[in-house]
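In what follows, a structure is listed as structure tokens, so that the remarks can point back to it.
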Amino acid sequence: MTDMLPADEIRTLFSRAMSNMYRAEVPQYGALIELVSDVNAQIRSDNAGLDRRLHANGETERLSLERHGAIRLGTPEELATIRRLFRVMDMHPVGYYDLSVAGVPVHATAFRPIELEALRRNPFRVFTSLLRLDLIPDVALREEAAAILARRKIFSPRCLELIEHAEREGGLQAASAQAFVLEALNTFCWHSESMVSSGTYKRLRAAHPLIADVVCFKGPHINHLTPRTLDIDAVQDRMVEFGMSPKAVVEGPPRRNVPILLRQTSFKALEEKIGFRSTSDDDTEAGVHSARFGEVEQRGVALTPKGRLLYDQLLRRVREAVQIGADGTHADAYQSALADRFQEFPDDEDSLRKEGLAFFRYVPTGKAGSSEGLGLDELVSNGHVRAEPITYEDFLPVSAAGIFQSNLGDESQQNYAERSAKSAFEQALNAIVADEIALYRAAEEDSIAECMRNRA
Ligand code: OOG
Ligand code: NI
């Protein structure tokens, strides 16, 4: 079919439109973007090596585009349709995240591009949670919530038509793509009018603030967008100066020479005015709700299962040793425990690679001289091949729970027993989620095969 707009371009149109919408809805997000560009520019001018690597990997363009967002859905049907919507933009479900462990009654996946080229063009992804009403013990409340959710329609008829059209034709032409972006954007916009009365809101909120956030609104408002920074500690330190209230600590691994996985921090959700349904017909009753915040991320190298196991063990020990209070007490103790514990995690690229802790992409350097018959390690040590860390493109359940909690207030510290329900999630999704480790492994193996073919 001719004249289709490439899915990568539709994704870029969509992420730009989303960013503009969010900036208009949440002005503090604009301040965050400014702070992050400031910090990134500073880091690049102070660190020529890093700047060179960003250029070499074609990441300078990607840096300014990079964002993730998050939404929370209420029903399996919504999840199944959102999968089709994201597929139009070449975004696919990767990974399964069970947040019940941390007292948040949702499970989730991330919709993201998979191919290296697509990630390079625009890595925009959306962390997508599905509410788990099965974790609410109060049966009557559970049924009430389900009945409210059953009444809402989060996709416009035109949006559904365009999704079907894209599925049938294998893509969208430019004009349809523009229309699709607008229609899709509507699904994620803010509705200041609640679908329920303040009484219902309060009861749902008492069960869990997240339930109220999902059930009481007409749609799954985007609850944050996240630019990528090259120095998250600098951003955290300067948030107050930019008028934001940061969460107590940066989630994830500590600051290191070689960043691993993902570090995240956020500014806290703002209180926003909303109107509740009043019992007397069309009237609304004024109230407030806080849902929408801003977040920053710094991404590092993807870890192998061996590296991830070590990460999880070290982090667990830190969290057992120091618990941060709801008001941020013990944040300093937490940070120093984190730095101490992670001394055990090798912090140079060579060790990470040789000990099989992280994934690398191997690239021929074009160095002259024969490399015939050499093995991979020899190719690297002779300078024929360079090993580049593969960036982690996914999320971390413990960090995600920390982000959720810092924005729900301290009332949310309940614990559900760990009840991973991956197959129920996939059934709702009407697809299986891709295994992120298999994707990193394939990227590494493909690059090795390519280097071996290129030996001269
Ligand atoms: C999602 C929180 C998870 C992240 O970056 O880990 C997340 C949410 O609050 O809905 O976005
Ligand atoms: Ni996030």
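Each chain in the structure tokens gets a letter, A, B and so on, in the order shown; residues start at 1 in every chain, and ligands are counted from 1 in the order they appear.
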Segment 321-406 of chain A residues near segment 90-98 of chain A within 10 Å, closest pair each, using only C-alpha atoms, as JSON lines:
{"residue": "A:Glu393", "atom": "CA", "partner": "A:Val94", "partner_atom": "CA", "distance": 9.7}
{"residue": "A:Asp394", "atom": "CA", "partner": "A:Gly95", "partner_atom": "CA", "distance": 7.7}
{"residue": "A:Phe395", "atom": "CA", "partner": "A:Tyr97", "partner_atom": "CA", "distance": 8.4}
{"residue": "A:Leu396", "atom": "CA", "partner": "A:Tyr97", "partner_atom": "CA", "distance": 7.9}
{"residue": "A:Pro397", "atom": "CA", "partner": "A:Tyr97", "partner_atom": "CA", "distance": 5.8}
{"residue": "A:Val398", "atom": "CA", "partner": "A:Tyr97", "partner_atom": "CA", "distance": 9.4}
{"residue": "A:Ala400", "atom": "CA", "partner": "A:Tyr97", "partner_atom": "CA", "distance": 8.9}
{"residue": "A:Ala401", "atom": "CA", "partner": "A:Asp98", "partner_atom": "CA", "distance": 9.5}
Quick one: write out the picked residues with C-alpha atoms as a compact mmCIF listing (two decimals), in the first residue's frame?
# COMPACT_ATOMS: atom_id res chain seq x y z
CA GLU A 393 14.23 0.17 27.82
CA ASP A 394 11.86 -1.19 30.48
CA PHE A 395 10.67 -0.50 34.02
CA LEU A 396 11.31 -1.77 37.56
CA PRO A 397 8.40 -2.95 39.71
CA VAL A 398 9.83 -1.78 43.05
CA ALA A 400 7.21 1.85 39.93
CA ALA A 401 5.54 1.09 43.26
As a VMD selection string, please: the residues near Leu314 of chain A (cut-off 9 Å, only C-alpha atoms, same-chain neighbours under 4 positions excluded).
chain A and resid 309 to 310 318 to 319 338 341 to 342 344 to 345
Rank A:Thr12, A:Gln323, A:Thr128, A:Thr200 by their smallest atom-to-atom distance to ligand 1, using only C-alpha atoms and all ligand atoms, and report the top residue only.
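Ranking A:Thr12, A:Gln323, A:Thr128, A:Thr200 by distance to ligand 1, first place goes to A:Thr128.
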Each chain A residue no farther than 9 Å from ligand 1, nearest pair in Å, only C-alpha atoms and all ligand atoms, as JSON lines:
{"residue": "A:His68", "atom": "CA", "partner": "ligand 1", "partner_atom_place_in_ligand_line": "5 (O)", "distance": 7.4}
{"residue": "A:Gly69", "atom": "CA", "partner": "ligand 1", "partner_atom_place_in_ligand_line": "11 (O)", "distance": 6.4}
{"residue": "A:Ala70", "atom": "CA", "partner": "ligand 1", "partner_atom_place_in_ligand_line": "10 (O)", "distance": 4.9}
{"residue": "A:Ile71", "atom": "CA", "partner": "ligand 1", "partner_atom_place_in_ligand_line": "10 (O)", "distance": 5.3}
{"residue": "A:Arg72", "atom": "CA", "partner": "ligand 1", "partner_atom_place_in_ligand_line": "10 (O)", "distance": 5.7}
{"residue": "A:Ala108", "atom": "CA", "partner": "ligand 1", "partner_atom_place_in_ligand_line": "1 (C)", "distance": 8.7}
{"residue": "A:Val126", "atom": "CA", "partner": "ligand 1", "partner_atom_place_in_ligand_line": "11 (O)", "distance": 7.9}
{"residue": "A:Phe127", "atom": "CA", "partner": "ligand 1", "partner_atom_place_in_ligand_line": "11 (O)", "distance": 5.5}
{"residue": "A:Thr128", "atom": "CA", "partner": "ligand 1", "partner_atom_place_in_ligand_line": "10 (O)", "distance": 7.0}
{"residue": "A:Ser129", "atom": "CA", "partner": "ligand 1", "partner_atom_place_in_ligand_line": "10 (O)", "distance": 6.5}
{"residue": "A:Leu210", "atom": "CA", "partner": "ligand 1", "partner_atom_place_in_ligand_line": "10 (O)", "distance": 8.9}
{"residue": "A:Ile222", "atom": "CA", "partner": "ligand 1", "partner_atom_place_in_ligand_line": "10 (O)", "distance": 8.3}
{"residue": "A:Asn223", "atom": "CA", "partner": "ligand 1", "partner_atom_place_in_ligand_line": "10 (O)", "distance": 6.3}
{"residue": "A:His224", "atom": "CA", "partner": "ligand 1", "partner_atom_place_in_ligand_line": "11 (O)", "distance": 7.2}
{"residue": "A:Leu225", "atom": "CA", "partner": "ligand 1", "partner_atom_place_in_ligand_line": "11 (O)", "distance": 8.1}
{"residue": "A:Thr226", "atom": "CA", "partner": "ligand 1", "partner_atom_place_in_ligand_line": "5 (O)", "distance": 7.6}
{"residue": "A:Glu251", "atom": "CA", "partner": "ligand 1", "partner_atom_place_in_ligand_line": "6 (O)", "distance": 9.0}
{"residue": "A:Gln264", "atom": "CA", "partner": "ligand 1", "partner_atom_place_in_ligand_line": "5 (O)", "distance": 6.9}
{"residue": "A:Thr265", "atom": "CA", "partner": "ligand 1", "partner_atom_place_in_ligand_line": "5 (O)", "distance": 8.5}
{"residue": "A:Ala291", "atom": "CA", "partner": "ligand 1", "partner_atom_place_in_ligand_line": "9 (O)", "distance": 8.5}
{"residue": "A:Arg292", "atom": "CA", "partner": "ligand 1", "partner_atom_place_in_ligand_line": "9 (O)", "distance": 8.8}
{"residue": "A:Phe293", "atom": "CA", "partner": "ligand 1", "partner_atom_place_in_ligand_line": "9 (O)", "distance": 8.8}
{"residue": "A:Glu295", "atom": "CA", "partner": "ligand 1", "partner_atom_place_in_ligand_line": "5 (O)", "distance": 7.4}
{"residue": "A:Val296", "atom": "CA", "partner": "ligand 1", "partner_atom_place_in_ligand_line": "5 (O)", "distance": 8.3}
{"residue": "A:Glu297", "atom": "CA", "partner": "ligand 1", "partner_atom_place_in_ligand_line": "5 (O)", "distance": 7.6}
{"residue": "A:Asp394", "atom": "CA", "partner": "ligand 1", "partner_atom_place_in_ligand_line": "6 (O)", "distance": 8.9}
{"residue": "A:Phe395", "atom": "CA", "partner": "ligand 1", "partner_atom_place_in_ligand_line": "6 (O)", "distance": 5.6}
{"residue": "A:Leu396", "atom": "CA", "partner": "ligand 1", "partner_atom_place_in_ligand_line": "6 (O)", "distance": 6.2}
{"residue": "A:Pro397", "atom": "CA", "partner": "ligand 1", "partner_atom_place_in_ligand_line": "6 (O)", "distance": 6.9}
{"residue": "A:Val398", "atom": "CA", "partner": "ligand 1", "partner_atom_place_in_ligand_line": "6 (O)", "distance": 8.2}
{"residue": "A:Ser399", "atom": "CA", "partner": "ligand 1", "partner_atom_place_in_ligand_line": "6 (O)", "distance": 5.7}
{"residue": "A:Ala400", "atom": "CA", "partner": "ligand 1", "partner_atom_place_in_ligand_line": "6 (O)", "distance": 3.4}
{"residue": "A:Ala401", "atom": "CA", "partner": "ligand 1", "partner_atom_place_in_ligand_line": "2 (C)", "distance": 6.5}
{"residue": "A:Gly402", "atom": "CA", "partner": "ligand 1", "partner_atom_place_in_ligand_line": "2 (C)", "distance": 7.9}
{"residue": "A:Ile403", "atom": "CA", "partner": "ligand 1", "partner_atom_place_in_ligand_line": "2 (C)", "distance": 5.4}
{"residue": "A:Phe404", "atom": "CA", "partner": "ligand 1", "partner_atom_place_in_ligand_line": "9 (O)", "distance": 4.3}
{"residue": "A:Gln405", "atom": "CA", "partner": "ligand 1", "partner_atom_place_in_ligand_line": "9 (O)", "distance": 8.0}
{"residue": "A:Asn407", "atom": "CA", "partner": "ligand 1", "partner_atom_place_in_ligand_line": "9 (O)", "distance": 7.5}
{"residue": "A:Leu408", "atom": "CA", "partner": "ligand 1", "partner_atom_place_in_ligand_line": "9 (O)", "distance": 8.9}
Can you write just those residues out, C-alpha atoms, as an mmCIF file, in the first residue's frame?
data_model
loop_
_atom_site.group_PDB
_atom_site.id
_atom_site.type_symbol
_atom_site.label_atom_id
_atom_site.label_comp_id
_atom_site.auth_asym_id
_atom_site.auth_seq_id
_atom_site.Cartn_x
_atom_site.Cartn_y
_atom_site.Cartn_z
ATOM 1 C CA HIS A 68 7.399 7.843 28.771
ATOM 2 C CA GLY A 69 3.901 8.252 30.057
ATOM 3 C CA ALA A 70 1.610 6.237 32.304
ATOM 4 C CA ILE A 71 -2.079 5.404 32.295
ATOM 5 C CA ARG A 72 -4.321 3.248 34.466
ATOM 6 C CA ALA A 108 0.928 -3.673 34.211
ATOM 7 C CA VAL A 126 3.493 3.993 27.945
ATOM 8 C CA PHE A 127 3.423 2.184 31.286
ATOM 9 C CA THR A 128 -0.086 0.777 31.286
ATOM 10 C CA SER A 129 -1.717 -0.580 34.434
ATOM 11 C CA LEU A 210 -5.864 4.297 43.154
ATOM 12 C CA ILE A 222 -2.314 10.449 31.372
ATOM 13 C CA ASN A 223 -0.959 10.738 34.912
ATOM 14 C CA HIS A 224 2.627 11.716 34.119
ATOM 15 C CA LEU A 225 5.120 12.173 31.324
ATOM 16 C CA THR A 226 8.817 11.630 31.784
ATOM 17 C CA GLU A 251 14.209 5.219 42.967
ATOM 18 C CA GLN A 264 13.612 7.761 38.530
ATOM 19 C CA THR A 265 12.291 10.597 40.576
ATOM 20 C CA ALA A 291 -3.384 12.373 40.268
ATOM 21 C CA ARG A 292 -1.104 14.143 37.896
ATOM 22 C CA PHE A 293 2.589 14.604 38.431
ATOM 23 C CA GLU A 295 8.766 12.400 36.546
ATOM 24 C CA VAL A 296 12.349 12.209 35.278
ATOM 25 C CA GLU A 297 14.319 9.154 34.326
ATOM 26 C CA ASP A 394 11.865 -1.189 30.483
ATOM 27 C CA PHE A 395 10.674 -0.502 34.024
ATOM 28 C CA LEU A 396 11.308 -1.772 37.565
ATOM 29 C CA PRO A 397 8.398 -2.954 39.709
ATOM 30 C CA VAL A 398 9.834 -1.780 43.048
ATOM 31 C CA SER A 399 10.603 1.660 41.601
ATOM 32 C CA ALA A 400 7.212 1.854 39.930
ATOM 33 C CA ALA A 401 5.537 1.085 43.259
ATOM 34 C CA GLY A 402 7.576 3.883 44.851
ATOM 35 C CA ILE A 403 6.404 6.286 42.160
ATOM 36 C CA PHE A 404 2.781 5.205 42.623
ATOM 37 C CA GLN A 405 2.976 5.546 46.396
ATOM 38 C CA ASN A 407 1.718 10.233 44.571
ATOM 39 C CA LEU A 408 -1.088 8.588 46.459
#
What's around segment 419-421 of chain A at 12 Å? Count only C-alpha atoms, leave out sequence neighbours fewer than 2 positions away in its own chain, and write the answer as a PyMOL selection string.
chain A and resi 96-108+130+132+134-135+397+415-417+423-428
In Å to one decimal, how far is atom CA of Ala212 of chain A from atom CA of Ala80 of chain A?
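According to the coordinates, atom CA of Ala80 of chain A and atom CA of Ala212 of chain A are separated by 21.8 Å.
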Taking into account only C-alpha atoms and all ligand atoms, which residue in the set A:Ile33, A:Ala110, A:Leu85, A:Ala147 is nearest to ligand 2?
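Result for the nearest residue to ligand 2: A:Ala110.
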List as JSON, numbers by chain the protein and nucleic acid residues near Asn382 of chain A, meaning an atom at most 12 Å away when only C-alpha atoms are counted, but skip any in the same chain fewer than 3 places from it.
{"A": [364, 365, 366, 367, 368, 369, 370, 371, 374, 375, 376, 377, 378, 379, 385, 386]}
How about saving the chosen residues, N, CA, C and O atoms kept, as a PDB file, in the first residue's frame?
ATOM      1  N   PRO A 364      31.831  -3.380  14.893  1.00  0.00           N
ATOM      2  CA  PRO A 364      33.163  -3.353  14.287  1.00  0.00           C
ATOM      3  C   PRO A 364      33.692  -1.915  14.261  1.00  0.00           C
ATOM      4  O   PRO A 364      32.937  -0.982  13.979  1.00  0.00           O
ATOM      5  N   THR A 365      34.978  -1.742  14.571  1.00  0.00           N
ATOM      6  CA  THR A 365      35.520  -0.380  14.615  1.00  0.00           C
ATOM      7  C   THR A 365      36.110   0.034  13.275  1.00  0.00           C
ATOM      8  O   THR A 365      36.443   1.195  13.073  1.00  0.00           O
ATOM      9  N   GLY A 366      36.303  -0.958  12.365  1.00  0.00           N
ATOM     10  CA  GLY A 366      36.905  -0.641  11.077  1.00  0.00           C
ATOM     11  C   GLY A 366      38.421  -0.564  11.159  1.00  0.00           C
ATOM     12  O   GLY A 366      39.093  -0.117  10.233  1.00  0.00           O
ATOM     13  N   LYS A 367      38.984  -1.007  12.266  1.00  0.00           N
ATOM     14  CA  LYS A 367      40.444  -0.970  12.435  1.00  0.00           C
ATOM     15  C   LYS A 367      41.128  -1.856  11.383  1.00  0.00           C
ATOM     16  O   LYS A 367      40.677  -2.969  11.115  1.00  0.00           O
ATOM     17  N   ALA A 368      42.226  -1.336  10.796  1.00  0.00           N
ATOM     18  CA  ALA A 368      42.926  -2.090   9.751  1.00  0.00           C
ATOM     19  C   ALA A 368      43.655  -3.291  10.367  1.00  0.00           C
ATOM     20  O   ALA A 368      43.879  -3.338  11.576  1.00  0.00           O
ATOM     21  N   GLY A 369      43.974  -4.252   9.536  1.00  0.00           N
ATOM     22  CA  GLY A 369      44.717  -5.438   9.997  1.00  0.00           C
ATOM     23  C   GLY A 369      43.821  -6.656  10.053  1.00  0.00           C
ATOM     24  O   GLY A 369      42.607  -6.521  10.186  1.00  0.00           O
ATOM     25  N   SER A 370      44.435  -7.809   9.961  1.00  0.00           N
ATOM     26  CA  SER A 370      43.640  -9.040   9.879  1.00  0.00           C
ATOM     27  C   SER A 370      43.033  -9.400  11.231  1.00  0.00           C
ATOM     28  O   SER A 370      43.669  -9.286  12.279  1.00  0.00           O
ATOM     29  N   SER A 371      41.787  -9.820  11.189  1.00  0.00           N
ATOM     30  CA  SER A 371      41.135 -10.276  12.414  1.00  0.00           C
ATOM     31  C   SER A 371      40.587 -11.683  12.186  1.00  0.00           C
ATOM     32  O   SER A 371      39.783 -12.175  12.958  1.00  0.00           O
ATOM     33  N   LEU A 374      39.817 -14.704  14.829  1.00  0.00           N
ATOM     34  CA  LEU A 374      39.828 -14.256  16.227  1.00  0.00           C
ATOM     35  C   LEU A 374      38.460 -14.464  16.882  1.00  0.00           C
ATOM     36  O   LEU A 374      37.433 -14.359  16.237  1.00  0.00           O
ATOM     37  N   GLY A 375      38.487 -14.765  18.174  1.00  0.00           N
ATOM     38  CA  GLY A 375      37.239 -14.869  18.939  1.00  0.00           C
ATOM     39  C   GLY A 375      36.781 -13.483  19.381  1.00  0.00           C
ATOM     40  O   GLY A 375      37.531 -12.499  19.233  1.00  0.00           O
ATOM     41  N   LEU A 376      35.594 -13.433  19.951  1.00  0.00           N
ATOM     42  CA  LEU A 376      35.014 -12.144  20.316  1.00  0.00           C
ATOM     43  C   LEU A 376      35.905 -11.354  21.290  1.00  0.00           C
ATOM     44  O   LEU A 376      36.156 -10.169  21.086  1.00  0.00           O
ATOM     45  N   ASP A 377      36.380 -12.036  22.345  1.00  0.00           N
ATOM     46  CA  ASP A 377      37.191 -11.324  23.333  1.00  0.00           C
ATOM     47  C   ASP A 377      38.463 -10.767  22.722  1.00  0.00           C
ATOM     48  O   ASP A 377      38.885  -9.659  23.051  1.00  0.00           O
ATOM     49  N   GLU A 378      39.058 -11.549  21.806  1.00  0.00           N
ATOM     50  CA  GLU A 378      40.276 -11.061  21.138  1.00  0.00           C
ATOM     51  C   GLU A 378      39.962  -9.873  20.237  1.00  0.00           C
ATOM     52  O   GLU A 378      40.707  -8.903  20.183  1.00  0.00           O
ATOM     53  N   LEU A 379      38.817  -9.968  19.550  1.00  0.00           N
ATOM     54  CA  LEU A 379      38.420  -8.847  18.680  1.00  0.00           C
ATOM     55  C   LEU A 379      38.283  -7.563  19.501  1.00  0.00           C
ATOM     56  O   LEU A 379      38.686  -6.488  19.073  1.00  0.00           O
ATOM     57  N   VAL A 385      36.750  -4.576  17.516  1.00  0.00           N
ATOM     58  CA  VAL A 385      35.330  -4.501  17.866  1.00  0.00           C
ATOM     59  C   VAL A 385      35.199  -3.713  19.162  1.00  0.00           C
ATOM     60  O   VAL A 385      36.023  -3.831  20.061  1.00  0.00           O
ATOM     61  N   ARG A 386      34.152  -2.910  19.227  1.00  0.00           N
ATOM     62  CA  ARG A 386      33.884  -2.097  20.417  1.00  0.00           C
ATOM     63  C   ARG A 386      32.617  -2.639  21.082  1.00  0.00           C
ATOM     64  O   ARG A 386      31.682  -3.033  20.369  1.00  0.00           O
TER      65      ARG A 386
END
Among the residues A:Phe360, A:Lys273, A:Val249, A:Asp435, the one that comes closest to Asp327 of chain A [using only C-alpha atoms]:
A:Val249
Could you give me, as an NGL selection string, the residues within 9 Å of Gly219 of chain A, counting only C-alpha atoms and dropping anything in the same chain fewer than 5 positions from it?
:A and (73 or 152-155 or 186-191 or 214)
Could you dump the residues just selected with C-alpha atoms as a PDB file, in the first residue's frame?
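File produced: again_39.pdb:
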ATOM      1  CA  LEU A  73      -7.167   1.262  32.948  1.00  0.00           C
ATOM      2  CA  ARG A 152     -17.865   4.373  30.468  1.00  0.00           C
ATOM      3  CA  LYS A 153     -16.552   4.422  26.916  1.00  0.00           C
ATOM      4  CA  ILE A 154     -12.987   5.628  26.751  1.00  0.00           C
ATOM      5  CA  PHE A 155     -12.554   5.445  22.957  1.00  0.00           C
ATOM      6  CA  ASN A 186      -8.802  12.439  23.592  1.00  0.00           C
ATOM      7  CA  THR A 187      -8.709   9.115  25.393  1.00  0.00           C
ATOM      8  CA  PHE A 188      -5.875  10.391  27.601  1.00  0.00           C
ATOM      9  CA  CYS A 189      -7.060  13.894  28.404  1.00  0.00           C
ATOM     10  CA  TRP A 190      -8.118  15.162  31.790  1.00  0.00           C
ATOM     11  CA  HIS A 191     -11.801  15.324  32.763  1.00  0.00           C
ATOM     12  CA  VAL A 214      -9.379   4.868  37.954  1.00  0.00           C
TER      13      VAL A 214
END
DSSP on the backbone, then: every residue of segment 91-326 of chain A marked strand (DSSP E or B), written as a PyMOL selection string.
chain A and resi 92-98+106-112+125-131+172-173+193-197+224-228+246+251+260+262-267+271-277+284-290+294-299+301+303
Could you pull out the alpha helix (DSSP H) residues of segment 156-289 of chain A from DSSP and send them as a VMD selection string?
chain A and resid 157 to 169 174 to 187 198 to 207 209 to 215 232 to 238
Atomic separation - atom CA of Met244 of chain A relative to atom CA of Gln28 of chain A, Å:
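Rounded to one decimal, the two atoms are 7.3 Å apart.
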